[in-house]
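Okay, start.txt is below, compact mmCIF, C-alpha atoms (C1' of nucleotides):
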```
# COMPACT_ATOMS: atom_id res chain seq x y z
CA MET A 10 64.93 46.15 -34.55
CA PRO A 11 63.75 45.06 -37.99
CA ARG A 12 60.04 44.56 -38.34
CA ASP A 13 58.22 42.06 -40.45
CA PRO A 14 56.53 43.34 -43.57
CA LEU A 15 52.84 44.17 -43.33
CA LEU A 16 50.05 41.95 -44.59
CA VAL A 17 46.61 43.52 -44.91
CA VAL A 18 43.51 41.34 -44.67
CA ILE A 19 40.08 42.58 -45.70
CA LEU A 20 37.22 40.47 -44.45
CA GLY A 21 33.47 40.85 -44.25
CA PRO A 22 30.22 39.35 -45.45
CA THR A 23 29.29 38.95 -49.08
CA GLY A 24 28.22 42.24 -50.61
CA SER A 25 29.98 44.42 -48.05
CA GLY A 26 32.28 46.00 -50.60
CA LYS A 27 35.51 44.13 -50.02
CA THR A 28 36.51 44.37 -53.67
CA ALA A 29 36.01 48.13 -53.83
CA LEU A 30 38.03 48.69 -50.68
CA SER A 31 40.81 46.38 -51.80
CA LEU A 32 41.24 48.33 -55.03
CA GLU A 33 41.46 51.61 -53.13
CA LEU A 34 44.07 50.27 -50.74
CA ALA A 35 46.04 48.66 -53.55
CA ALA A 36 46.19 51.95 -55.41
CA ARG A 37 47.35 53.93 -52.39
CA PHE A 38 49.89 51.48 -51.02
CA HIS A 39 51.25 49.70 -54.08
CA GLY A 40 49.29 46.62 -53.17
CA GLU A 41 48.71 43.25 -54.74
CA ILE A 42 45.44 41.46 -54.09
CA VAL A 43 45.22 37.84 -52.99
CA ASN A 44 41.77 36.31 -53.30
CA CYS A 45 40.38 34.39 -50.32
CA ASP A 46 36.97 33.37 -51.66
CA SER A 47 36.78 29.65 -52.25
CA VAL A 48 34.55 29.64 -55.31
CA ALA A 49 36.27 32.58 -57.01
CA MET A 50 39.28 30.32 -57.40
CA TYR A 51 37.45 28.37 -60.08
CA ARG A 52 37.76 29.24 -63.73
CA GLU A 53 34.63 30.15 -65.67
CA PHE A 54 32.58 30.88 -62.59
CA ARG A 55 32.40 34.59 -63.01
CA ILE A 56 29.03 36.29 -62.55
CA GLY A 57 27.79 34.20 -59.67
CA THR A 58 31.01 34.69 -57.72
CA ALA A 59 31.01 38.48 -58.10
CA LYS A 60 34.64 38.26 -59.15
CA PRO A 61 36.39 41.54 -59.83
CA THR A 62 35.79 42.47 -63.47
CA ALA A 63 38.58 42.60 -66.05
CA GLU A 64 38.76 46.37 -65.60
CA GLU A 65 38.99 46.03 -61.85
CA GLN A 66 41.63 43.37 -62.11
CA ALA A 67 43.63 45.68 -64.37
CA ARG A 68 43.86 48.25 -61.60
CA ALA A 69 46.10 46.05 -59.44
CA PRO A 70 47.71 42.61 -59.66
CA HIS A 71 45.27 39.89 -58.57
CA HIS A 72 46.16 36.40 -57.40
CA LEU A 73 44.36 33.09 -56.84
CA LEU A 74 41.48 33.95 -59.12
CA ASP A 75 40.70 31.41 -61.86
CA VAL A 76 43.36 28.95 -60.79
CA ILE A 77 41.27 25.78 -60.46
CA GLU A 78 39.63 23.94 -63.34
CA PRO A 79 35.85 23.73 -63.04
CA THR A 80 36.00 19.96 -62.75
CA ASN A 81 38.77 19.94 -60.16
CA PHE A 82 38.53 20.86 -56.53
CA THR A 83 40.68 22.57 -53.97
CA THR A 84 40.85 22.48 -50.20
CA ALA A 85 41.68 24.80 -47.34
CA GLY A 86 45.14 23.27 -47.02
CA GLU A 87 45.92 23.65 -50.67
CA TYR A 88 44.68 27.21 -50.58
CA ALA A 89 46.96 28.02 -47.67
CA ARG A 90 50.00 26.61 -49.45
CA MET A 91 49.30 28.51 -52.65
CA ALA A 92 48.57 31.74 -50.85
CA ARG A 93 51.73 31.57 -48.75
CA GLN A 94 53.78 31.04 -51.88
CA ILE A 95 52.27 34.11 -53.43
CA LEU A 96 52.75 36.17 -50.29
CA LEU A 97 56.47 35.50 -50.49
CA GLN A 98 56.58 36.58 -54.12
CA ILE A 99 54.77 39.80 -53.33
CA GLN A 100 57.14 40.44 -50.48
CA GLN A 101 60.09 40.06 -52.80
CA ARG A 102 58.60 42.72 -55.02
CA ALA A 103 58.32 44.96 -51.99
CA ALA A 104 54.60 45.35 -52.62
CA LEU A 105 51.85 45.25 -50.01
CA PRO A 106 49.91 41.99 -49.99
CA ILE A 107 46.19 42.43 -49.46
CA VAL A 108 44.24 39.26 -48.75
CA VAL A 109 40.57 39.75 -49.58
CA GLY A 110 37.79 37.34 -48.99
CA GLY A 111 34.85 35.87 -47.23
CA THR A 112 35.87 32.25 -46.74
CA GLY A 113 36.64 32.16 -43.05
CA LEU A 114 38.14 28.67 -43.01
CA TYR A 115 40.57 29.48 -45.81
CA LEU A 116 41.65 32.64 -44.05
CA ARG A 117 42.26 30.74 -40.85
CA ALA A 118 44.14 28.05 -42.74
CA LEU A 119 46.34 30.74 -44.25
CA ILE A 120 47.08 32.71 -41.09
CA ASP A 121 46.80 30.22 -38.22
CA GLY A 122 47.45 27.13 -40.29
CA LEU A 123 45.97 23.66 -40.04
CA PHE A 124 47.33 20.74 -38.08
CA PRO A 125 49.84 18.75 -40.15
CA GLY A 126 47.38 15.94 -40.81
CA PRO A 127 46.58 13.77 -43.80
CA GLU A 128 44.80 15.14 -46.83
CA ARG A 129 41.37 13.97 -47.80
CA SER A 130 40.76 10.58 -49.31
CA GLU A 131 37.94 10.52 -51.79
CA GLU A 132 37.32 6.77 -51.81
CA LEU A 133 37.05 6.53 -48.05
CA ARG A 134 34.74 9.50 -47.94
CA GLU A 135 32.49 7.95 -50.52
CA ARG A 136 32.20 4.78 -48.47
CA LEU A 137 31.51 6.64 -45.24
CA ARG A 138 28.93 8.81 -46.92
CA GLU A 139 27.10 5.68 -48.12
CA ARG A 140 27.19 4.19 -44.65
CA ALA A 141 25.81 7.37 -43.19
CA HIS A 142 23.06 7.29 -45.78
CA GLU A 143 22.13 3.65 -45.14
CA LYS A 144 22.58 3.44 -41.40
CA GLY A 145 22.15 7.04 -40.35
CA ALA A 146 24.55 9.62 -39.02
CA GLN A 147 24.50 7.92 -35.62
CA TYR A 148 26.45 5.07 -37.14
CA LEU A 149 29.36 7.36 -37.98
CA HIS A 150 29.23 8.86 -34.56
CA ARG A 151 29.54 5.46 -32.90
CA LEU A 152 32.40 4.64 -35.22
CA LEU A 153 34.20 7.82 -34.29
CA GLN A 154 33.41 7.26 -30.66
CA ARG A 155 35.42 4.03 -30.78
CA MET A 156 38.35 5.57 -32.67
CA ASP A 157 38.57 8.94 -30.97
CA SER A 158 36.11 9.63 -28.20
CA ARG A 159 37.45 13.12 -27.58
CA SER A 160 36.71 14.17 -31.14
CA ALA A 161 33.37 12.40 -31.02
CA SER A 162 32.34 14.47 -28.03
CA ARG A 163 33.23 17.68 -29.83
CA ILE A 164 31.41 16.91 -33.05
CA HIS A 165 27.63 16.81 -33.10
CA ALA A 166 26.23 13.42 -34.06
CA ASN A 167 24.34 14.93 -37.00
CA ASP A 168 27.32 16.67 -38.51
CA VAL A 169 28.28 14.13 -41.15
CA PRO A 170 31.04 16.08 -42.95
CA LYS A 171 33.00 16.78 -39.78
CA MET A 172 32.65 13.21 -38.57
CA ILE A 173 33.88 11.94 -41.92
CA ARG A 174 36.94 14.12 -41.79
CA ALA A 175 37.73 13.01 -38.24
CA ILE A 176 37.37 9.32 -39.13
CA GLU A 177 39.46 9.82 -42.24
CA VAL A 178 42.23 11.45 -40.23
CA CYS A 179 42.19 8.73 -37.59
CA LEU A 180 42.41 5.94 -40.16
CA ALA A 181 45.04 7.56 -42.36
CA ALA A 182 47.37 8.31 -39.46
CA LYS A 183 46.41 5.26 -37.34
CA GLN A 184 46.09 7.68 -34.47
CA PRO A 185 43.18 9.65 -32.98
CA MET A 186 42.71 13.07 -34.51
CA SER A 187 42.67 14.64 -31.07
CA GLU A 188 46.20 13.25 -30.54
CA GLN A 189 47.40 14.66 -33.83
CA TRP A 190 46.05 18.05 -32.89
CA LYS A 191 48.55 18.21 -30.08
CA ALA A 192 51.23 18.85 -32.67
CA GLY A 193 49.66 22.30 -33.05
CA ARG A 194 48.95 24.29 -36.17
CA GLU A 195 51.39 25.61 -38.73
CA PRO A 196 50.86 29.36 -38.63
CA LEU A 197 51.99 31.90 -41.14
CA THR A 198 55.19 33.64 -40.05
CA GLY A 199 57.17 36.59 -41.31
CA PHE A 200 54.32 39.09 -41.55
CA GLU A 201 52.64 41.60 -39.32
CA ILE A 202 48.94 41.36 -39.93
CA GLN A 203 46.43 44.17 -40.12
CA ARG A 204 42.91 42.81 -40.35
CA ILE A 205 40.20 45.18 -41.53
CA GLY A 206 36.64 43.98 -41.05
CA LEU A 207 33.66 45.47 -42.86
CA ASP A 208 30.57 45.50 -40.67
CA PRO A 209 27.65 47.05 -42.53
CA ASN A 210 24.19 47.50 -41.06
CA ARG A 211 22.38 44.21 -41.47
CA ALA A 212 19.19 45.56 -43.04
CA GLU A 213 21.17 47.68 -45.47
CA LEU A 214 23.37 44.73 -46.38
CA TYR A 215 20.30 42.63 -47.12
CA ARG A 216 19.00 45.38 -49.38
CA ARG A 217 22.30 45.48 -51.26
CA ILE A 218 22.29 41.74 -51.64
CA HIS A 219 18.79 41.94 -53.08
CA GLU A 220 19.96 44.38 -55.74
CA ARG A 221 23.22 42.64 -56.39
CA VAL A 222 21.51 39.37 -57.16
CA LEU A 223 19.13 41.10 -59.56
CA GLY A 224 22.25 42.50 -61.21
CA MET A 225 23.73 39.02 -61.53
CA PHE A 226 20.66 37.78 -63.35
CA ASP A 227 20.75 40.82 -65.63
CA ALA A 228 24.42 40.21 -66.29
CA GLY A 229 23.67 36.69 -67.51
CA LEU A 230 23.96 34.36 -64.54
CA VAL A 231 21.48 31.98 -66.15
CA GLU A 232 23.43 31.85 -69.40
CA GLU A 233 26.71 31.34 -67.60
CA THR A 234 25.24 28.50 -65.59
CA GLN A 235 23.73 26.96 -68.71
CA GLN A 236 27.13 26.90 -70.40
CA LEU A 237 28.85 25.40 -67.39
CA LEU A 238 26.15 22.79 -67.14
CA ASN A 239 26.45 21.95 -70.84
CA HIS A 240 30.23 21.65 -70.72
CA TYR A 241 30.76 19.90 -67.43
CA GLY A 242 27.47 18.66 -66.05
CA ASP A 243 27.64 17.54 -62.44
CA ALA A 244 31.42 17.31 -62.63
CA ALA A 245 31.74 21.03 -61.94
CA ARG A 246 31.35 21.10 -58.20
CA PRO A 247 30.85 24.84 -57.74
CA LEU A 248 27.58 24.42 -59.61
CA SER A 249 26.21 23.41 -56.25
CA SER A 250 27.33 26.62 -54.57
CA ILE A 251 25.23 29.68 -53.82
CA GLY A 252 23.63 31.19 -56.87
CA TYR A 253 24.54 28.42 -59.27
CA LYS A 254 22.67 25.77 -57.35
CA GLN A 255 19.39 27.65 -57.58
CA VAL A 256 19.86 28.52 -61.25
CA VAL A 257 20.50 24.86 -62.02
CA GLN A 258 17.10 24.17 -60.49
CA LEU A 259 15.64 26.83 -62.73
CA LEU A 260 17.28 25.31 -65.82
CA ARG A 261 15.94 21.90 -64.89
CA GLY A 262 12.46 23.36 -64.68
CA GLU A 263 12.08 22.67 -60.99
CA ILE A 264 11.39 26.31 -60.16
CA ASP A 265 10.51 29.39 -62.16
CA ARG A 266 12.67 32.45 -62.61
CA GLU A 267 11.05 34.47 -59.87
CA ALA A 268 11.47 31.67 -57.38
CA ALA A 269 15.09 31.26 -58.47
CA VAL A 270 15.84 34.94 -57.89
CA ASP A 271 14.21 34.77 -54.48
CA ALA A 272 16.13 31.64 -53.56
CA VAL A 273 19.47 33.10 -54.63
CA GLN A 274 18.83 36.25 -52.62
CA GLN A 275 17.84 34.19 -49.62
CA ALA A 276 20.95 32.02 -49.89
CA HIS A 277 23.19 35.07 -50.01
CA ARG A 278 21.50 36.58 -46.96
CA ASN A 279 21.94 33.35 -45.00
CA TYR A 280 25.55 33.19 -46.09
CA ALA A 281 26.29 36.75 -45.07
CA LYS A 282 24.95 36.02 -41.61
CA ARG A 283 27.08 32.89 -41.23
CA GLN A 284 30.14 34.81 -42.35
CA MET A 285 29.58 37.44 -39.68
CA THR A 286 29.26 34.73 -37.05
CA TRP A 287 32.62 33.36 -38.13
CA PHE A 288 34.40 36.68 -38.42
CA ARG A 289 33.23 37.96 -35.06
CA ARG A 290 35.56 35.40 -33.54
CA GLU A 291 38.49 36.42 -35.69
CA PRO A 292 41.19 38.02 -33.50
CA GLU A 293 42.60 41.52 -33.82
CA VAL A 294 40.18 42.87 -36.35
CA THR A 295 39.87 46.60 -36.90
CA TRP A 296 36.14 46.75 -37.50
CA ILE A 297 34.72 49.52 -39.66
CA GLN A 298 30.98 50.13 -39.80
CA GLY A 299 29.71 50.47 -43.35
CA PHE A 300 30.47 49.35 -46.89
CA GLY A 301 33.87 49.23 -48.58
CA ASN A 302 32.91 51.65 -51.32
CA GLN A 303 31.99 54.45 -48.89
CA ILE A 304 34.44 57.32 -48.57
CA GLY A 305 34.37 57.38 -44.79
CA VAL A 306 35.10 53.68 -44.64
CA ILE A 307 37.96 53.97 -47.10
CA THR A 308 39.44 56.83 -45.08
CA GLN A 309 39.38 54.78 -41.90
CA ALA A 310 40.90 51.78 -43.63
CA VAL A 311 43.68 53.88 -45.14
CA ALA A 312 44.43 55.33 -41.72
CA ALA A 313 44.59 51.88 -40.19
CA VAL A 314 47.11 50.72 -42.77
CA GLN A 315 49.12 53.94 -42.58
CA ASN A 316 49.37 53.54 -38.85
CA ARG A 317 50.92 50.13 -39.20
CA LEU A 318 53.37 51.21 -41.86
CA GLN A 319 54.71 54.16 -39.90
CA PRO A 320 53.70 53.81 -36.27
CA ALA A 321 53.77 56.88 -34.08
CA PRO A 322 56.97 57.06 -32.00
C1' G B 29 -29.08 38.93 -49.94
C1' G B 30 -28.52 33.16 -49.88
C1' C B 31 -25.32 28.82 -49.72
C1' G B 32 -20.46 26.60 -49.14
C1' C B 33 -15.36 26.73 -47.57
C1' G B 34 -11.79 29.02 -44.66
C1' G B 35 -9.46 32.51 -40.66
C1' U B 36 -3.58 28.99 -35.82
C1' A B 37 3.48 33.11 -34.95
C1' C B 38 6.58 37.40 -39.70
C1' C B 39 5.18 33.48 -43.84
C1' C B 40 3.42 28.34 -45.10
C1' A B 41 1.00 24.85 -42.18
C1' A B 42 -0.63 20.16 -38.80
C1' G B 43 -3.84 19.39 -34.95
C1' U B 44 -6.85 17.69 -30.52
C1' G B 45 -12.56 18.46 -25.29
C1' G B 46 -7.10 18.16 -21.12
C1' U B 47 -3.37 22.65 -21.86
C1' A B 48 -0.50 24.36 -29.43
C1' A B 49 3.40 19.31 -34.64
C1' G B 50 6.61 20.58 -38.60
C1' G B 51 9.00 23.73 -42.27
C1' G B 52 10.71 28.55 -43.86
C1' A B 53 12.17 33.46 -42.44
C1' G B 54 14.52 36.31 -38.34
C1' A B 55 18.17 36.10 -34.34
C1' G B 56 22.31 33.68 -31.87
C1' G B 57 26.11 29.89 -32.19
C1' U B 58 29.73 25.80 -33.82
C1' C B 59 33.72 25.13 -37.18
C1' U B 60 41.67 22.38 -37.62
C1' G B 61 41.88 19.94 -45.56
C1' C B 62 34.42 19.60 -49.95
C1' A B 63 33.32 25.60 -45.93
C1' A B 64 29.44 29.66 -51.13
C1' A B 65 29.63 23.14 -47.04
C1' A B 66 27.47 20.92 -42.82
C1' C B 67 25.48 21.21 -38.09
C1' C B 68 23.29 23.23 -33.26
C1' U B 69 20.05 26.60 -30.28
C1' U B 70 15.92 29.87 -30.18
C1' U B 71 10.77 32.27 -31.50
C1' A B 72 2.30 31.81 -29.95
C1' U B 73 -0.32 31.50 -21.64
C1' G B 74 -1.78 31.89 -27.77
C1' C B 75 -5.57 29.43 -32.37
C1' G B 76 -10.59 36.22 -36.21
C1' U B 77 -14.16 38.79 -32.26
C1' C B 78 -17.84 38.46 -28.42
C1' G B 79 -20.82 35.30 -25.72
C1' G B 80 -22.55 30.18 -24.27
C1' U B 81 -21.96 24.78 -22.84
C1' U B 82 -18.16 22.29 -19.75
C1' C B 83 -14.24 20.77 -14.05
C1' G B 84 -11.60 22.36 -18.52
C1' A B 85 -12.58 25.19 -25.23
C1' U B 86 -7.94 26.50 -30.09
C1' U B 87 -11.31 22.16 -30.54
C1' C B 88 -18.50 21.86 -29.35
C1' C B 89 -22.81 25.68 -29.94
C1' G B 90 -24.60 30.80 -31.30
C1' A B 91 -23.99 35.64 -33.17
C1' C B 92 -20.85 38.91 -35.51
C1' C B 93 -16.35 40.45 -38.51
C1' C B 94 -12.93 39.36 -42.55
C1' G B 95 -11.27 36.47 -47.09
C1' C B 96 -12.38 33.18 -51.18
C1' G B 97 -15.90 30.55 -54.36
C1' C B 98 -20.75 29.70 -56.22
C1' C B 99 -25.93 31.30 -56.71
C1' U B 100 -29.70 35.29 -57.13
```

Could you take the file, read its structure, and then write that structure out as structure tokens?
Amino acid sequence: MPRDPLLVVILGPTGSGKTALSLELAARFHGEIVNCDSVAMYREFRIGTAKPTAEEQARAPHHLLDVIEPTNFTTAGEYARMARQILLQIQQRAALPIVVGGTGLYLRALIDGLFPGPERSEELRERLRERAHEKGAQYLHRLLQRMDSRSASRIHANDVPKMIRAIEVCLAAKQPMSEQWKAGREPLTGFEIQRIGLDPNRAELYRRIHERVLGMFDAGLVEETQQLLNHYGDAARPLSSIGYKQVVQLLRGEIDREAAVDAVQQAHRNYAKRQMTWFRREPEVTWIQGFGNQIGVITQAVAAVQNRLQPAP
RNA sequence: GGCGCGGUACCCAAGUGGUAAGGGAGAGGUCUGCAAAACCUUUAUGCGUCGGUUCGAUUCCGACCCGCGCCU
């Protein structure tokens, strides 16, 4: 019986060597790389996102890098649509798609799908955010409680973003979000999925992050941020993401360089931990202990892919 | 050597004669369209040491140790 083509997913915390591993796998299996890091999708954000360099990108086709204007924004749903489109194209070329990234929600949106609900509404969000600011988060929670008590009980009363999304969904569809969820998700079909998870030793990962951030500053993170700030100001949303946010504070004179470096390192460490919490729940992951640029790790990853391509009889 | 100030968790730090705020870090967790976001949980029988007063001391008293500042 005909089998679906294989889709390889590489996941892991920031600094675990996903890029290095993806290039190795792409070279061995005629792969094409599909980015799954939210901020790497933005143009001109280069150093702070640890995007693959031009040389690295020349070693295999890369997708969904630099596809959003700095002043625009994207969402998990939009990401999933774009990525699925690209997956089909790669399939037609008979190449191996390799999804690489650390944004857990985007990965889930791609593979498991989201419920077919309404997209975000900026005006409504702005209003709700103001209310929350004036009257406190509890106000939103009471509001949601009236519209959709099931969702309200699942969302913590301090979690403003999630409450806003739930209220938005209820209003746009004139139906509780919990009802709309019953329609189920829209999962990706037509692929067999091999997830490879990088699970490096925590202390070692933190050491690598320390060095990597120093490297970013050496490579001109401050200058890059300065340019983005000059060109776009607050309109470039990723300026508030890890690395850029702290450098903006440095450029505004709120902290000195040493404090900025420390803060960026700290933010990356916190992020890596959160990513691991998310990924631990991801199903069917072949976990490999170590970093993606280590020979032993690469060997194991290659074997895992090989196994799926030509399973033992 | 003298005087003054200070010593509370891994770090910063509040505090009271009645049984140790808060923040950060660390660890664990949540996540259905801003997710590199947001949120939740958790961490000192212990307050430099030894005595004393007291029903009760981290708090008051004494001595000592350590740090910082000033004076000689």

Taking all atoms listed in the file into account, what are the residues of chain B at most 7 Å from chain A, put as a ChimeraX atom specification? /B:60-61,63-64,66-67

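Minimum atom-to-atom distances from B:C92, B:C39, B:C83, B:C75 to G52 in chain B were compared using only C-alpha atoms (C1' of nucleotides), and the lowest value belongs to B:C39.
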
10 Å contact set for G35 in chain B, all atoms listed in the file, chain neighbours under 4 positions out, as a JSON list (two decimals) with C-alpha atoms (C1' of nucleotides), keeping the file's coordinate frame:
```json
[["chain", "number", "residue", "atom", "x", "y", "z"],
["B", 75, "C", "C1'", -5.57, 29.43, -32.37],
["B", 76, "G", "C1'", -10.59, 36.22, -36.21],
["B", 94, "C", "C1'", -12.93, 39.36, -42.55],
["B", 95, "G", "C1'", -11.27, 36.47, -47.09]]
```

Residues near U82 in chain B, cut-off 12 Å, all atoms listed in the file, skip fewer than 4 positions along chain, as number ranges by chain: B: 45-46, 88-89

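Straight-line separation from CA of Arg317 in chain A to CA of Glu201 in chain A: 8.7 Å.
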
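If you look at CA of Arg266 in chain A and CA of Ile56 in chain A, they are 16.8 Å away from each other.
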
Counting all atoms listed in the file, what is within 12 Å of A53 in chain B, bar same-chain residues fewer than 2 positions away, as JSON, numbers by chain? {"A": [272, 275, 276, 278, 279], "B": [37, 38, 39, 40, 51, 55, 71]}

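The coordinates place CA of Arg102 in chain A at 21.5 Å from CA of Asn316 in chain A.
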
Spatial neighbours of C33 in chain B, max dist 12 Å, only C-alpha atoms (C1' of nucleotides), sep filter under 6 positions, as a PyMOL selection string: chain B and resi 95-98

Near Gly299 in chain A, counting only C-alpha atoms (C1' of nucleotides), which residues have an atom at most 8 Å away, once you skip same-chain residues fewer than 2 positions from it, shown as a PDB file with C-alpha atoms, in the frame of the given file?
```
ATOM      1  CA  SER A  25      29.980  44.420 -48.050  1.00  0.00           C
ATOM      2  CA  LEU A 207      33.660  45.470 -42.860  1.00  0.00           C
ATOM      3  CA  ASP A 208      30.570  45.500 -40.670  1.00  0.00           C
ATOM      4  CA  PRO A 209      27.650  47.050 -42.530  1.00  0.00           C
ATOM      5  CA  ASN A 210      24.190  47.500 -41.060  1.00  0.00           C
ATOM      6  CA  ILE A 297      34.720  49.520 -39.660  1.00  0.00           C
ATOM      7  CA  GLY A 301      33.870  49.230 -48.580  1.00  0.00           C
ATOM      8  CA  GLN A 303      31.990  54.450 -48.890  1.00  0.00           C
ATOM      9  CA  VAL A 306      35.100  53.680 -44.640  1.00  0.00           C
TER      10      VAL A 306
END
```
